[in-house]
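Next up, work33.tsv (TSV, C-alpha atoms):
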chain	number	residue	atom	x	y	z
A	182	MET	CA	15.97	0.76	24.35
A	183	THR	CA	14.58	-1.66	26.94
A	184	GLU	CA	11.43	-3.68	26.46
A	185	GLU	CA	9.77	-1.68	29.27
A	186	THR	CA	10.10	1.62	27.38
A	187	ILE	CA	8.42	0.33	24.23
A	188	THR	CA	4.73	1.14	24.10
A	189	GLU	CA	2.11	-1.29	22.87
A	190	ILE	CA	-0.58	1.39	22.61
A	191	LEU	CA	-1.12	1.94	18.90
A	192	PRO	CA	-1.63	5.52	17.68
A	193	PRO	CA	-4.89	6.17	15.79
A	194	ILE	CA	-5.00	5.49	12.05
A	195	ARG	CA	-5.10	8.75	10.09
A	196	HIS	CA	-6.70	8.72	6.64
A	197	TRP	CA	-4.45	10.55	4.16
A	198	PRO	CA	-6.45	11.49	1.05
A	199	ALA	CA	-4.93	12.15	-2.37
A	200	LEU	CA	-4.77	15.95	-2.38
A	201	ASP	CA	-4.26	18.09	-5.47
A	202	LEU	CA	-2.07	20.83	-4.02
A	203	ASN	CA	-1.08	24.01	-5.82
A	204	GLY	CA	2.19	25.88	-5.81
A	205	THR	CA	4.72	24.82	-3.22
A	206	ASP	CA	2.15	24.55	-0.41
A	207	PHE	CA	3.20	21.94	2.12
A	208	ASP	CA	0.70	19.09	2.56
A	209	PRO	CA	-1.57	20.05	5.52
A	210	VAL	CA	-2.18	16.39	6.43
A	211	LEU	CA	1.57	15.75	6.62
A	212	THR	CA	1.93	18.85	8.81
A	213	GLU	CA	-0.64	17.40	11.25
A	214	LEU	CA	1.02	13.99	11.22
A	215	MET	CA	4.40	15.55	12.02
A	216	ARG	CA	2.82	17.36	14.97
A	217	GLU	CA	1.19	14.16	16.26
A	218	GLY	CA	4.52	12.44	16.81
A	219	PRO	CA	7.61	10.93	15.23
A	220	VAL	CA	5.85	7.62	14.42
A	221	THR	CA	2.19	7.61	13.36
A	222	ARG	CA	-0.17	5.31	11.45
A	223	ILE	CA	-1.68	6.15	8.07
A	224	GLN	CA	-4.17	4.81	5.57
A	225	LEU	CA	-3.73	5.98	1.96
A	226	PRO	CA	-6.48	5.96	-0.72
A	227	ASN	CA	-5.51	2.61	-2.30
A	228	GLY	CA	-4.22	-0.81	-1.29
A	229	GLU	CA	-5.19	-2.48	1.98
A	230	GLY	CA	-4.77	-1.96	5.72
A	231	TRP	CA	-2.59	0.68	7.36
A	232	ALA	CA	1.11	1.50	7.54
A	233	TRP	CA	3.52	3.21	9.91
A	234	LEU	CA	4.79	6.67	8.93
A	235	VAL	CA	8.20	7.90	10.10
A	236	THR	CA	8.83	11.65	9.79
A	237	ARG	CA	11.87	12.66	11.89
A	238	TYR	CA	15.16	13.12	10.02
A	239	ASP	CA	17.26	10.67	12.05
A	240	ASP	CA	14.54	8.00	11.98
A	241	VAL	CA	14.04	8.39	8.21
A	242	ARG	CA	17.76	7.86	7.66
A	243	MET	CA	17.77	4.86	10.00
A	244	VAL	CA	14.83	3.09	8.32
A	245	THR	CA	16.12	3.68	4.77
A	246	ASN	CA	19.59	2.38	5.63
A	247	ASP	CA	18.65	-0.57	7.88
A	248	PRO	CA	18.50	-4.09	6.35
A	249	ARG	CA	15.70	-4.97	8.82
A	250	PHE	CA	13.36	-2.95	6.56
A	251	SER	CA	12.89	-4.64	3.17
A	252	ARG	CA	11.70	-3.33	-0.18
A	253	GLU	CA	11.61	-6.82	-1.67
A	254	ALA	CA	9.03	-8.02	0.87
A	255	VAL	CA	6.58	-5.36	-0.39
A	256	MET	CA	6.02	-7.52	-3.48
A	257	ASP	CA	3.95	-9.96	-1.44
A	258	GLN	CA	1.73	-7.49	0.44
A	259	PRO	CA	-1.14	-5.28	-0.80
A	260	VAL	CA	0.16	-2.34	1.27
A	261	THR	CA	-1.93	0.82	1.61
A	262	ARG	CA	-0.61	3.27	-1.01
A	263	LEU	CA	-1.26	6.49	-2.92
A	264	ALA	CA	-1.11	5.03	-6.43
A	265	PRO	CA	-4.39	3.55	-7.68
A	266	HIS	CA	-2.50	0.85	-9.52
A	267	PHE	CA	0.67	-0.84	-8.36
A	268	ILE	CA	2.76	-2.62	-10.97
A	269	PRO	CA	6.10	-3.56	-9.40
A	270	GLU	CA	8.02	-6.16	-11.36
A	271	ARG	CA	9.84	-8.87	-9.48
A	272	GLY	CA	13.54	-8.18	-9.84
A	273	ALA	CA	13.07	-4.46	-10.54
A	274	VAL	CA	15.80	-2.45	-8.81
A	275	GLY	CA	13.32	-0.43	-6.72
A	276	PHE	CA	12.13	-3.68	-5.11
A	277	LEU	CA	15.47	-5.35	-4.52
A	278	ASP	CA	17.46	-5.49	-1.30
A	279	PRO	CA	21.27	-5.80	-1.06
A	280	PRO	CA	23.25	-7.69	-2.28
A	281	ASP	CA	21.19	-8.00	-5.51
A	282	HIS	CA	20.34	-4.30	-5.41
A	283	THR	CA	24.04	-3.42	-5.00
A	284	ARG	CA	25.07	-5.70	-7.89
A	285	LEU	CA	22.55	-4.13	-10.23
A	286	ARG	CA	23.29	-0.51	-9.28
A	287	ARG	CA	27.04	-1.12	-9.74
A	288	THR	CA	26.60	-1.78	-13.47
A	289	VAL	CA	25.57	1.81	-14.24
A	290	ALA	CA	27.43	3.66	-11.47
A	291	ALA	CA	30.10	4.98	-13.85
A	292	ALA	CA	27.52	6.95	-15.86
A	293	LEU	CA	26.02	8.58	-12.76
A	294	THR	CA	29.12	9.58	-10.77
A	295	SER	CA	30.31	13.19	-10.92
A	296	LYS	CA	32.75	12.19	-13.69
A	297	GLY	CA	30.02	10.44	-15.69
A	298	VAL	CA	27.65	13.38	-15.32
A	299	GLU	CA	30.41	15.86	-16.29
A	300	ARG	CA	30.71	13.89	-19.54
A	301	VAL	CA	27.31	15.25	-20.64
A	302	ARG	CA	27.66	18.79	-19.17
A	303	GLU	CA	28.78	20.60	-22.34
A	304	LYS	CA	26.34	18.75	-24.60
A	305	SER	CA	23.55	19.52	-22.09
A	306	ARG	CA	24.49	23.20	-22.00
A	307	ARG	CA	24.41	23.38	-25.82
A	308	MET	CA	21.01	21.66	-25.98
A	309	LEU	CA	19.67	24.09	-23.37
A	310	ASP	CA	21.09	27.11	-25.21
A	311	GLU	CA	19.29	25.99	-28.37
A	312	LEU	CA	15.99	25.73	-26.46
A	313	VAL	CA	16.43	29.19	-24.94
A	314	ASP	CA	17.42	30.58	-28.37
A	315	GLU	CA	14.09	29.32	-29.74
A	316	LEU	CA	12.23	30.73	-26.74
A	317	VAL	CA	13.77	34.19	-27.24
A	318	GLN	CA	13.23	34.05	-31.01
A	319	ASP	CA	9.53	33.19	-30.66
A	320	GLY	CA	9.13	35.96	-28.09
A	321	PRO	CA	6.84	36.30	-25.08
A	322	PRO	CA	4.54	35.15	-23.67
A	323	ALA	CA	5.50	31.49	-23.45
A	324	ASP	CA	4.91	28.36	-21.42
A	325	LEU	CA	8.26	27.66	-19.75
A	326	THR	CA	7.20	24.09	-18.98
A	327	ALA	CA	6.48	23.22	-22.61
A	328	THR	CA	9.34	25.16	-24.20
A	329	VAL	CA	12.26	24.43	-21.85
A	330	LEU	CA	11.50	22.54	-18.63
A	331	THR	CA	10.05	19.49	-20.40
A	332	PRO	CA	12.27	19.04	-23.49
A	333	PHE	CA	15.55	19.78	-21.66
A	334	PRO	CA	15.47	16.94	-19.07
A	335	ILE	CA	14.21	14.54	-21.76
A	336	ALA	CA	17.15	15.44	-24.01
A	337	VAL	CA	19.66	15.08	-21.15
A	338	ILE	CA	18.40	11.73	-19.83
A	339	CYS	CA	18.21	10.33	-23.36
A	340	GLU	CA	21.80	11.48	-23.94
A	341	LEU	CA	22.95	9.79	-20.74
A	342	MET	CA	20.94	6.64	-21.49
A	343	GLY	CA	22.18	6.38	-25.09
A	344	VAL	CA	18.67	6.81	-26.56
A	345	PRO	CA	18.81	8.40	-30.06
A	346	ALA	CA	17.41	11.93	-30.35
A	347	ALA	CA	14.73	10.70	-32.79
A	348	ASP	CA	13.21	8.54	-30.01
A	349	ARG	CA	12.95	11.26	-27.34
A	350	HIS	CA	9.30	12.00	-28.08
A	351	VAL	CA	8.11	8.41	-27.68
A	352	MET	CA	10.13	8.08	-24.45
A	353	HIS	CA	8.38	11.16	-23.07
A	354	THR	CA	4.95	9.82	-24.05
A	355	TRP	CA	5.59	6.48	-22.34
A	356	THR	CA	6.90	8.19	-19.19
A	357	GLN	CA	3.83	10.41	-18.89
A	358	LEU	CA	1.48	7.42	-19.24
A	359	ILE	CA	3.43	5.43	-16.63
A	360	LEU	CA	3.53	8.29	-14.10
A	361	SER	CA	-0.07	9.45	-14.41
A	362	SER	CA	-2.90	7.78	-12.56
A	363	ALA	CA	-5.49	9.43	-14.82
A	364	HIS	CA	-5.39	6.89	-17.67
A	365	GLY	CA	-5.91	3.70	-15.70
A	366	LYS	CA	-3.82	0.64	-14.93
A	367	GLN	CA	-3.96	-0.99	-18.39
A	368	VAL	CA	-2.64	2.10	-20.18
A	369	SER	CA	0.23	2.43	-17.67
A	370	GLU	CA	1.11	-1.26	-17.95
A	371	LYS	CA	1.06	-1.12	-21.75
A	372	ALA	CA	3.38	1.92	-21.78
A	373	LYS	CA	5.75	0.20	-19.35
A	374	LYS	CA	5.83	-2.96	-21.49
A	375	GLU	CA	6.53	-0.92	-24.63
A	376	MET	CA	9.34	1.03	-22.98
A	377	GLY	CA	10.75	-2.23	-21.63
A	378	ALA	CA	10.67	-3.84	-25.10
A	379	TYR	CA	12.45	-0.78	-26.53
A	380	PHE	CA	15.25	-1.00	-23.95
A	381	GLY	CA	15.43	-4.78	-24.40
A	382	ASP	CA	16.28	-4.21	-28.07
A	383	LEU	CA	18.65	-1.30	-27.37
A	384	ILE	CA	20.59	-3.09	-24.61
A	385	GLY	CA	20.62	-6.36	-26.54
A	386	LEU	CA	22.35	-4.62	-29.45
A	387	ARG	CA	25.10	-3.32	-27.16
A	388	GLU	CA	26.47	-6.50	-25.61
A	389	GLY	CA	30.25	-6.15	-25.72
A	390	SER	CA	29.98	-2.37	-26.06
A	391	THR	CA	32.66	-0.06	-24.65
A	392	GLY	CA	30.37	3.01	-24.73
A	393	GLU	CA	29.92	5.18	-21.63
A	394	ASP	CA	26.14	5.66	-21.88
A	395	VAL	CA	23.80	3.63	-19.65
A	396	ALA	CA	22.48	1.32	-22.39
A	397	SER	CA	26.06	0.46	-23.39
A	398	LEU	CA	27.13	-0.16	-19.78
A	399	LEU	CA	24.09	-2.41	-19.28
A	400	GLY	CA	24.69	-4.22	-22.58
A	401	ALA	CA	28.29	-4.91	-21.57
A	402	ALA	CA	27.17	-6.14	-18.11
A	403	VAL	CA	24.62	-8.50	-19.73
A	404	GLY	CA	27.38	-9.73	-22.06
A	405	ARG	CA	29.55	-10.54	-19.05
A	406	ASP	CA	26.63	-12.34	-17.33
A	407	GLU	CA	26.75	-9.88	-14.40
A	408	VAL	CA	23.06	-9.09	-14.80
A	409	THR	CA	20.21	-10.62	-16.77
A	410	LEU	CA	18.62	-8.76	-19.67
A	411	ASP	CA	15.38	-8.48	-17.64
A	412	GLU	CA	17.28	-6.87	-14.74
A	413	ALA	CA	19.05	-4.47	-17.10
A	414	VAL	CA	15.77	-3.47	-18.75
A	415	GLY	CA	14.08	-2.86	-15.37
A	416	LEU	CA	16.93	-0.56	-14.32
A	417	ALA	CA	16.91	1.30	-17.64
A	418	VAL	CA	13.15	1.93	-17.40
A	419	LEU	CA	13.52	3.24	-13.83
A	420	LEU	CA	16.36	5.61	-14.79
A	421	GLN	CA	14.58	6.88	-17.91
A	422	ILE	CA	11.38	7.64	-15.99
A	423	GLY	CA	13.32	9.21	-13.12
A	424	GLY	CA	15.12	11.49	-15.54
A	425	GLU	CA	11.93	13.42	-16.18
A	426	ALA	CA	11.45	14.25	-12.49
A	427	VAL	CA	13.63	17.30	-13.18
A	428	THR	CA	10.74	18.80	-15.18
A	429	ASN	CA	8.59	18.87	-12.05
A	430	ASN	CA	11.37	19.86	-9.63
A	431	SER	CA	12.57	22.70	-11.83
A	432	GLY	CA	8.96	23.75	-12.48
A	433	GLN	CA	8.43	24.16	-8.74
A	434	MET	CA	11.84	25.82	-8.40
A	435	PHE	CA	11.07	28.48	-11.03
A	436	TYR	CA	7.54	28.95	-9.70
A	437	LEU	CA	9.16	29.79	-6.35
A	438	LEU	CA	11.74	32.13	-7.89
A	439	LEU	CA	9.11	33.91	-10.02
A	440	THR	CA	6.68	34.34	-7.12
A	441	ARG	CA	9.54	35.45	-4.83
A	442	PRO	CA	11.46	37.90	-7.07
A	443	ASP	CA	13.72	38.79	-4.13
A	444	LEU	CA	15.16	35.26	-4.32
A	445	ALA	CA	15.68	35.46	-8.10
A	446	ASP	CA	17.36	38.88	-7.72
A	447	ARG	CA	19.81	37.45	-5.19
A	448	LEU	CA	20.77	34.68	-7.58
A	449	ARG	CA	21.27	37.18	-10.41
A	450	THR	CA	23.42	39.57	-8.39
A	451	ASP	CA	25.56	36.89	-6.73
A	452	PRO	CA	26.02	33.86	-9.03
A	453	SER	CA	28.51	32.34	-6.57
A	454	ILE	CA	25.67	31.34	-4.21
A	455	ARG	CA	23.73	29.43	-6.89
A	456	PRO	CA	24.91	25.87	-6.09
A	457	ARG	CA	24.09	26.33	-2.39
A	458	ALA	CA	20.81	28.08	-3.22
A	459	ILE	CA	19.74	25.22	-5.49
A	460	ASP	CA	20.41	22.76	-2.67
A	461	GLU	CA	18.20	24.85	-0.39
A	462	LEU	CA	15.42	25.01	-3.01
A	463	LEU	CA	15.68	21.22	-3.42
A	464	ARG	CA	15.27	20.86	0.36
A	465	TYR	CA	12.29	23.19	0.47
A	466	ILE	CA	10.13	22.24	-2.53
A	467	PRO	CA	7.60	19.43	-1.95
A	468	HIS	CA	8.64	17.00	-4.68
A	469	ARG	CA	5.76	14.57	-4.43
A	470	ASN	CA	2.30	13.92	-3.12
A	471	ALA	CA	2.06	11.88	0.12
A	472	VAL	CA	4.76	9.17	0.26
A	473	GLY	CA	6.56	6.91	-2.22
A	474	LEU	CA	7.39	3.22	-1.80
A	475	SER	CA	7.03	1.43	1.52
A	476	ARG	CA	9.25	-1.09	3.26
A	477	ILE	CA	8.33	-4.14	5.36
A	478	ALA	CA	9.84	-4.76	8.80
A	479	LEU	CA	11.56	-8.17	8.75
A	480	GLU	CA	11.69	-8.34	12.58
A	481	ASP	CA	10.39	-6.35	15.54
A	482	VAL	CA	12.11	-2.95	15.69
A	483	GLY	CA	11.70	-0.14	18.24
A	484	ILE	CA	11.57	3.45	16.93
A	485	ARG	CA	11.13	6.30	19.44
A	486	GLY	CA	9.50	3.96	21.92
A	487	VAL	CA	7.07	2.45	19.39
A	488	ARG	CA	7.27	-1.24	18.51
A	489	ILE	CA	7.17	-1.88	14.75
A	490	ARG	CA	6.27	-5.57	14.44
A	491	ALA	CA	7.71	-7.99	11.88
A	492	GLY	CA	5.54	-7.83	8.76
A	493	ASP	CA	4.36	-4.25	9.35
A	494	PRO	CA	4.64	-1.86	6.38
A	495	VAL	CA	6.61	1.35	7.03
A	496	TYR	CA	6.74	4.58	5.04
A	497	VAL	CA	9.25	7.38	5.47
A	498	SER	CA	8.58	10.98	4.48
A	499	TYR	CA	11.63	12.71	3.01
A	500	LEU	CA	9.56	15.91	2.79
A	501	ALA	CA	8.97	15.82	6.54
A	502	ALA	CA	12.62	14.97	7.26
A	503	ASN	CA	13.65	18.05	5.25
A	504	ARG	CA	11.56	20.20	7.63
A	505	ASP	CA	12.87	18.66	10.87
A	506	PRO	CA	13.68	21.66	13.12
A	507	ASP	CA	16.28	19.62	15.02
A	508	VAL	CA	18.35	19.45	11.83
A	509	PHE	CA	17.30	22.54	9.84
A	510	ALA	CA	16.97	25.76	11.84
A	511	PHE	CA	13.82	27.66	10.82
A	512	PRO	CA	12.88	24.92	8.30
A	513	GLU	CA	9.99	26.94	6.79
A	514	THR	CA	12.45	29.67	5.73
A	515	ILE	CA	14.32	29.54	2.42
A	516	ASP	CA	17.87	30.34	3.48
A	517	PHE	CA	20.44	30.47	0.65
A	518	THR	CA	23.26	30.61	3.21
A	519	ARG	CA	22.17	27.37	4.93
A	520	SER	CA	25.27	25.29	5.61
A	521	PRO	CA	25.54	22.44	6.10
A	522	ASN	CA	22.40	21.37	4.27
A	523	PRO	CA	22.16	17.57	4.58
A	524	HIS	CA	18.71	17.34	2.93
A	525	VAL	CA	17.30	13.99	1.84
A	526	SER	CA	15.46	15.16	-1.29
A	527	PHE	CA	17.19	12.41	-3.29
A	528	GLY	CA	16.53	9.81	-0.62
A	529	PHE	CA	19.02	8.00	1.59
A	530	GLY	CA	20.61	4.58	1.96
A	531	PRO	CA	20.89	1.94	-0.77
A	532	HIS	CA	17.90	3.35	-2.69
A	533	TYR	CA	19.34	6.89	-2.83
A	534	CYS	CA	18.32	8.38	-6.19
A	535	PRO	CA	21.04	7.40	-8.68
A	536	GLY	CA	20.31	10.54	-10.74
A	537	GLY	CA	20.91	13.02	-7.91
A	538	MET	CA	24.08	14.48	-9.42
A	539	LEU	CA	22.48	14.72	-12.85
A	540	ALA	CA	19.46	16.55	-11.40
A	541	ARG	CA	21.76	19.05	-9.66
A	542	LEU	CA	23.68	19.63	-12.89
A	543	GLU	CA	20.46	20.28	-14.84
A	544	SER	CA	19.12	22.61	-12.13
A	545	GLU	CA	22.35	24.64	-12.19
A	546	LEU	CA	22.33	24.90	-15.99
A	547	LEU	CA	18.65	25.97	-16.01
A	548	VAL	CA	19.16	28.65	-13.34
A	549	ASP	CA	22.23	30.01	-15.16
A	550	ALA	CA	20.58	30.08	-18.59
A	551	LEU	CA	17.16	31.44	-17.67
A	552	LEU	CA	18.17	34.02	-15.05
A	553	ASP	CA	21.15	35.36	-17.03
A	554	ARG	CA	19.65	35.38	-20.51
A	555	LEU	CA	16.18	36.59	-19.46
A	556	PRO	CA	16.81	39.23	-16.75
A	557	ASP	CA	13.15	40.38	-16.89
A	558	LEU	CA	11.66	36.86	-16.70
A	559	ARG	CA	8.40	36.94	-14.73
A	560	LEU	CA	5.03	35.17	-14.51
A	561	ALA	CA	2.55	36.14	-17.23
A	562	VAL	CA	-0.45	35.35	-15.01
A	563	PRO	CA	-1.19	35.83	-11.28
A	564	ALA	CA	0.52	33.18	-9.15
A	565	ASP	CA	-2.80	31.55	-8.21
A	566	GLN	CA	-3.62	31.02	-11.89
A	567	VAL	CA	-0.60	28.81	-12.59
A	568	PRO	CA	-2.12	25.33	-13.18
A	569	PHE	CA	-0.59	22.48	-11.20
A	570	LYS	CA	-0.78	18.77	-12.06
A	571	LYS	CA	-3.77	16.87	-10.77
A	572	GLY	CA	-3.93	13.16	-10.03
A	573	ALA	CA	-0.15	12.84	-10.28
A	574	LEU	CA	2.25	11.13	-7.89
A	575	ILE	CA	4.91	13.79	-8.52
A	576	ARG	CA	4.09	17.47	-7.97
A	577	GLY	CA	4.78	20.25	-10.45
A	578	PRO	CA	3.16	22.91	-12.65
A	579	GLU	CA	1.18	21.71	-15.66
A	580	ALA	CA	2.22	24.94	-17.37
A	581	LEU	CA	4.32	27.92	-16.31
A	582	PRO	CA	3.17	30.97	-18.31
A	583	VAL	CA	5.97	33.56	-18.43
A	584	THR	CA	6.89	36.81	-20.12
A	585	TRP	CA	10.03	38.98	-20.19
Can I see the file as structure tokens?
Amino acid sequence: MTEETITEILPPIRHWPALDLNGTDFDPVLTELMREGPVTRIQLPNGEGWAWLVTRYDDVRMVTNDPRFSREAVMDQPVTRLAPHFIPERGAVGFLDPPDHTRLRRTVAAALTSKGVERVREKSRRMLDELVDELVQDGPPADLTATVLTPFPIAVICELMGVPAADRHVMHTWTQLILSSAHGKQVSEKAKKEMGAYFGDLIGLREGSTGEDVASLLGAAVGRDEVTLDEAVGLAVLLQIGGEAVTNNSGQMFYLLLTRPDLADRLRTDPSIRPRAIDELLRYIPHRNAVGLSRIALEDVGIRGVRIRAGDPVYVSYLAANRDPDVFAFPETIDFTRSPNPHVSFGFGPHYCPGGMLARLESELLVDALLDRLPDLRLAVPADQVPFKKGALIRGPEALPVTW
């Protein structure tokens, strides 16, 4: 792109409030921003100043995979953001750029590849069967979130991490305090420190380990001086917290299936389409409120004729990219036959979600177990009475009352 084609006229700054949205409604502010153009400017409820927002699929993939946009540089800027408190730790994997980011991710890659995830498939299925057994035994009505969708992902991520079953409850408590904005910065920071201290002890005990779980892999890497204990702890905390995202994703997924019984019926009658259908549901559901972590432009970069200057903060919206009509025909339609389906629900580039394969596995197991074992599963309350989380960064139902 030539210098002449790059505009210096800045688009207006759009205020993007923290909305508490119900169901799988798409954010109306994001819809407007997508209409306004491929590159807009936003101001979120916290932090300072404004940031660029990129919404088109190809541009989102470019920004997230281009070394000219840095996560590490965010540490030094009070960027406008959704979260009321911002507690990045220097050296944490989410705020590293390659090659340090690559070095750190490599230590746990074996546990998160398809082979590593397959290692926990049978144990995960057994744990899920036990939860559904209890659900059936206790009888309807029930809260699917409390009985299955919360304990199952906790059990699976703890299994993968090498956290003993007896410590699952405290892990869940810490995660909820870290992810919620309702309790204030000090409570979140305290929970993060406590989880970090726990993993420091666990990883420290496993130096020289040959185990295949994440804590053992990190312990061995620390023992070989490939990573520091602080780096290993930061990665473990991120993976543990991320493991509970499945609760929210699957909560939205089942809310959709229970409010659209035609979709659930299709999955029951033709189990062969389930993997593809789950990918389409992952594309469609709005996983989060607003946007996640920003990046900082390290030099001037042109995107769609707009000059992003060195030092400017840039956000991408994966939710918007997943609705780009140039990539996904009829993006507002849930199409279980959609193929290919190159959605970016797990991100893109170096910071692609390391737990993507695990999340898919859990979603498949949940759909199989709940649809097959509870053929009459349905909402126990009208759809508009299902309570959704408020003040949370990640979207999902607070409870999912069901009967069968």
* So which residues touch A:Glu461 within 8 Å, counting only C-alpha atoms, skipping near sequence neighbours fewer than 2 positions away, as a PyMOL selection string? -> chain A and resi 457-459+463-465+515-517+519+522
* Give me, please, the distance in Å between atom CA of A:Ala273 and atom CA of A:Ser475, quoted to one decimal. => 14.7 Å
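With all atoms listed in the file as the atoms that count, the residue of A:Val255, A:Leu330, A:Ile335, A:Val472 with the shortest distance to A:Ile223 is A:Val472.
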* Can you tell me, as a ChimeraX atom specification, what residues are no more than 7 Å from stretch 537-539 of chain A when counting all atoms listed in the file, ignoring any on the same chain fewer than 4 positions away? -> /A:295,298,527,543
* **Interatomic distance (Å, one decimal) between atom CA of A:Glu513 and atom CA of A:Asp208** =>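 Between atom CA of A:Glu513 and atom CA of A:Asp208 the gap is 12.9 Å.
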* If you measure from atom CA of A:Arg222 to atom CA of A:Ser526, what distance in Å do you get, rounded to one decimal? ->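 Atom-to-atom, atom CA of A:Arg222 to atom CA of A:Ser526, that is 22.4 Å.
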* Considering all atoms listed in the file, state which residue in the set A:His524, A:Gly486, A:Val495, A:Val414 is at the smallest distance from A:Val508. =>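 With all atoms listed in the file as the atom set, the closest residue is A:His524.
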* Name the residues in contact with stretch 561-565 of chain A at a cut-off of 7 Å, using all atoms listed in the file, excluding same-chain residues fewer than 3 positions from it; report them as a count of residues only. => 5
* List the neighbours of A:Ala402 out to 12 Å using all atoms listed in the file; skip same-chain residues closer than 2 positions along the sequence, and give me the result as JSON, numbers by chain. => {"A": [284, 285, 286, 287, 288, 289, 290, 384, 385, 387, 388, 389, 390, 391, 392, 395, 396, 397, 398, 399, 400, 404, 405, 406, 407, 408, 409, 410, 412, 413, 414]}
Write the residues you've just listed into a file as a compact mmCIF listing (two decimals), in the coordinates of the input, and include C-alpha atoms for each of them.
# COMPACT_ATOMS: atom_id res chain seq x y z
CA ARG A 284 25.07 -5.70 -7.89
CA LEU A 285 22.55 -4.13 -10.23
CA ARG A 286 23.29 -0.51 -9.28
CA ARG A 287 27.04 -1.12 -9.74
CA THR A 288 26.60 -1.78 -13.47
CA VAL A 289 25.57 1.81 -14.24
CA ALA A 290 27.43 3.66 -11.47
CA ILE A 384 20.59 -3.09 -24.61
CA GLY A 385 20.62 -6.36 -26.54
CA ARG A 387 25.10 -3.32 -27.16
CA GLU A 388 26.47 -6.50 -25.61
CA GLY A 389 30.25 -6.15 -25.72
CA SER A 390 29.98 -2.37 -26.06
CA THR A 391 32.66 -0.06 -24.65
CA GLY A 392 30.37 3.01 -24.73
CA VAL A 395 23.80 3.63 -19.65
CA ALA A 396 22.48 1.32 -22.39
CA SER A 397 26.06 0.46 -23.39
CA LEU A 398 27.13 -0.16 -19.78
CA LEU A 399 24.09 -2.41 -19.28
CA GLY A 400 24.69 -4.22 -22.58
CA GLY A 404 27.38 -9.73 -22.06
CA ARG A 405 29.55 -10.54 -19.05
CA ASP A 406 26.63 -12.34 -17.33
CA GLU A 407 26.75 -9.88 -14.40
CA VAL A 408 23.06 -9.09 -14.80
CA THR A 409 20.21 -10.62 -16.77
CA LEU A 410 18.62 -8.76 -19.67
CA GLU A 412 17.28 -6.87 -14.74
CA ALA A 413 19.05 -4.47 -17.10
CA VAL A 414 15.77 -3.47 -18.75
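The shell of residues at most 9 Å from A:Asp240, with all atoms listed in the file counted and near chain neighbours (fewer than 5 positions) removed, consists of Pro219, Val235, Thr245, Ile484, Arg485, Val497 and Ala502 of chain A.
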Output C-alpha atoms for every residue in the selection just made, as a PDB file, in the frame of the given file.
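After the write, result.pdb holds the following:
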ATOM      1  CA  PRO A 219       7.610  10.930  15.230  1.00  0.00           C
ATOM      2  CA  VAL A 235       8.200   7.900  10.100  1.00  0.00           C
ATOM      3  CA  THR A 245      16.120   3.680   4.770  1.00  0.00           C
ATOM      4  CA  ILE A 484      11.570   3.450  16.930  1.00  0.00           C
ATOM      5  CA  ARG A 485      11.130   6.300  19.440  1.00  0.00           C
ATOM      6  CA  VAL A 497       9.250   7.380   5.470  1.00  0.00           C
ATOM      7  CA  ALA A 502      12.620  14.970   7.260  1.00  0.00           C
TER       8      ALA A 502
END
* Rank nothing, just name the residue among A:Thr428, A:Gln357, A:Thr294, A:Gln224 nearest to A:Cys534, using only C-alpha atoms. =>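 Going through A:Thr428, A:Gln357, A:Thr294, A:Gln224 one by one, the smallest distance to A:Cys534 is for A:Thr294.
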* Asked: For A:Glu579, which residue among A:Thr261, A:Ser544, A:Ser498, A:Gln433 is the nearest when counting all atoms listed in the file?
  -> A:Gln433
* To do: Could you tell me which of A:Tyr436, A:Val241, A:Phe267, A:Asp493 comes closest to A:Gln566 if we count only C-alpha atoms?
  => A:Tyr436
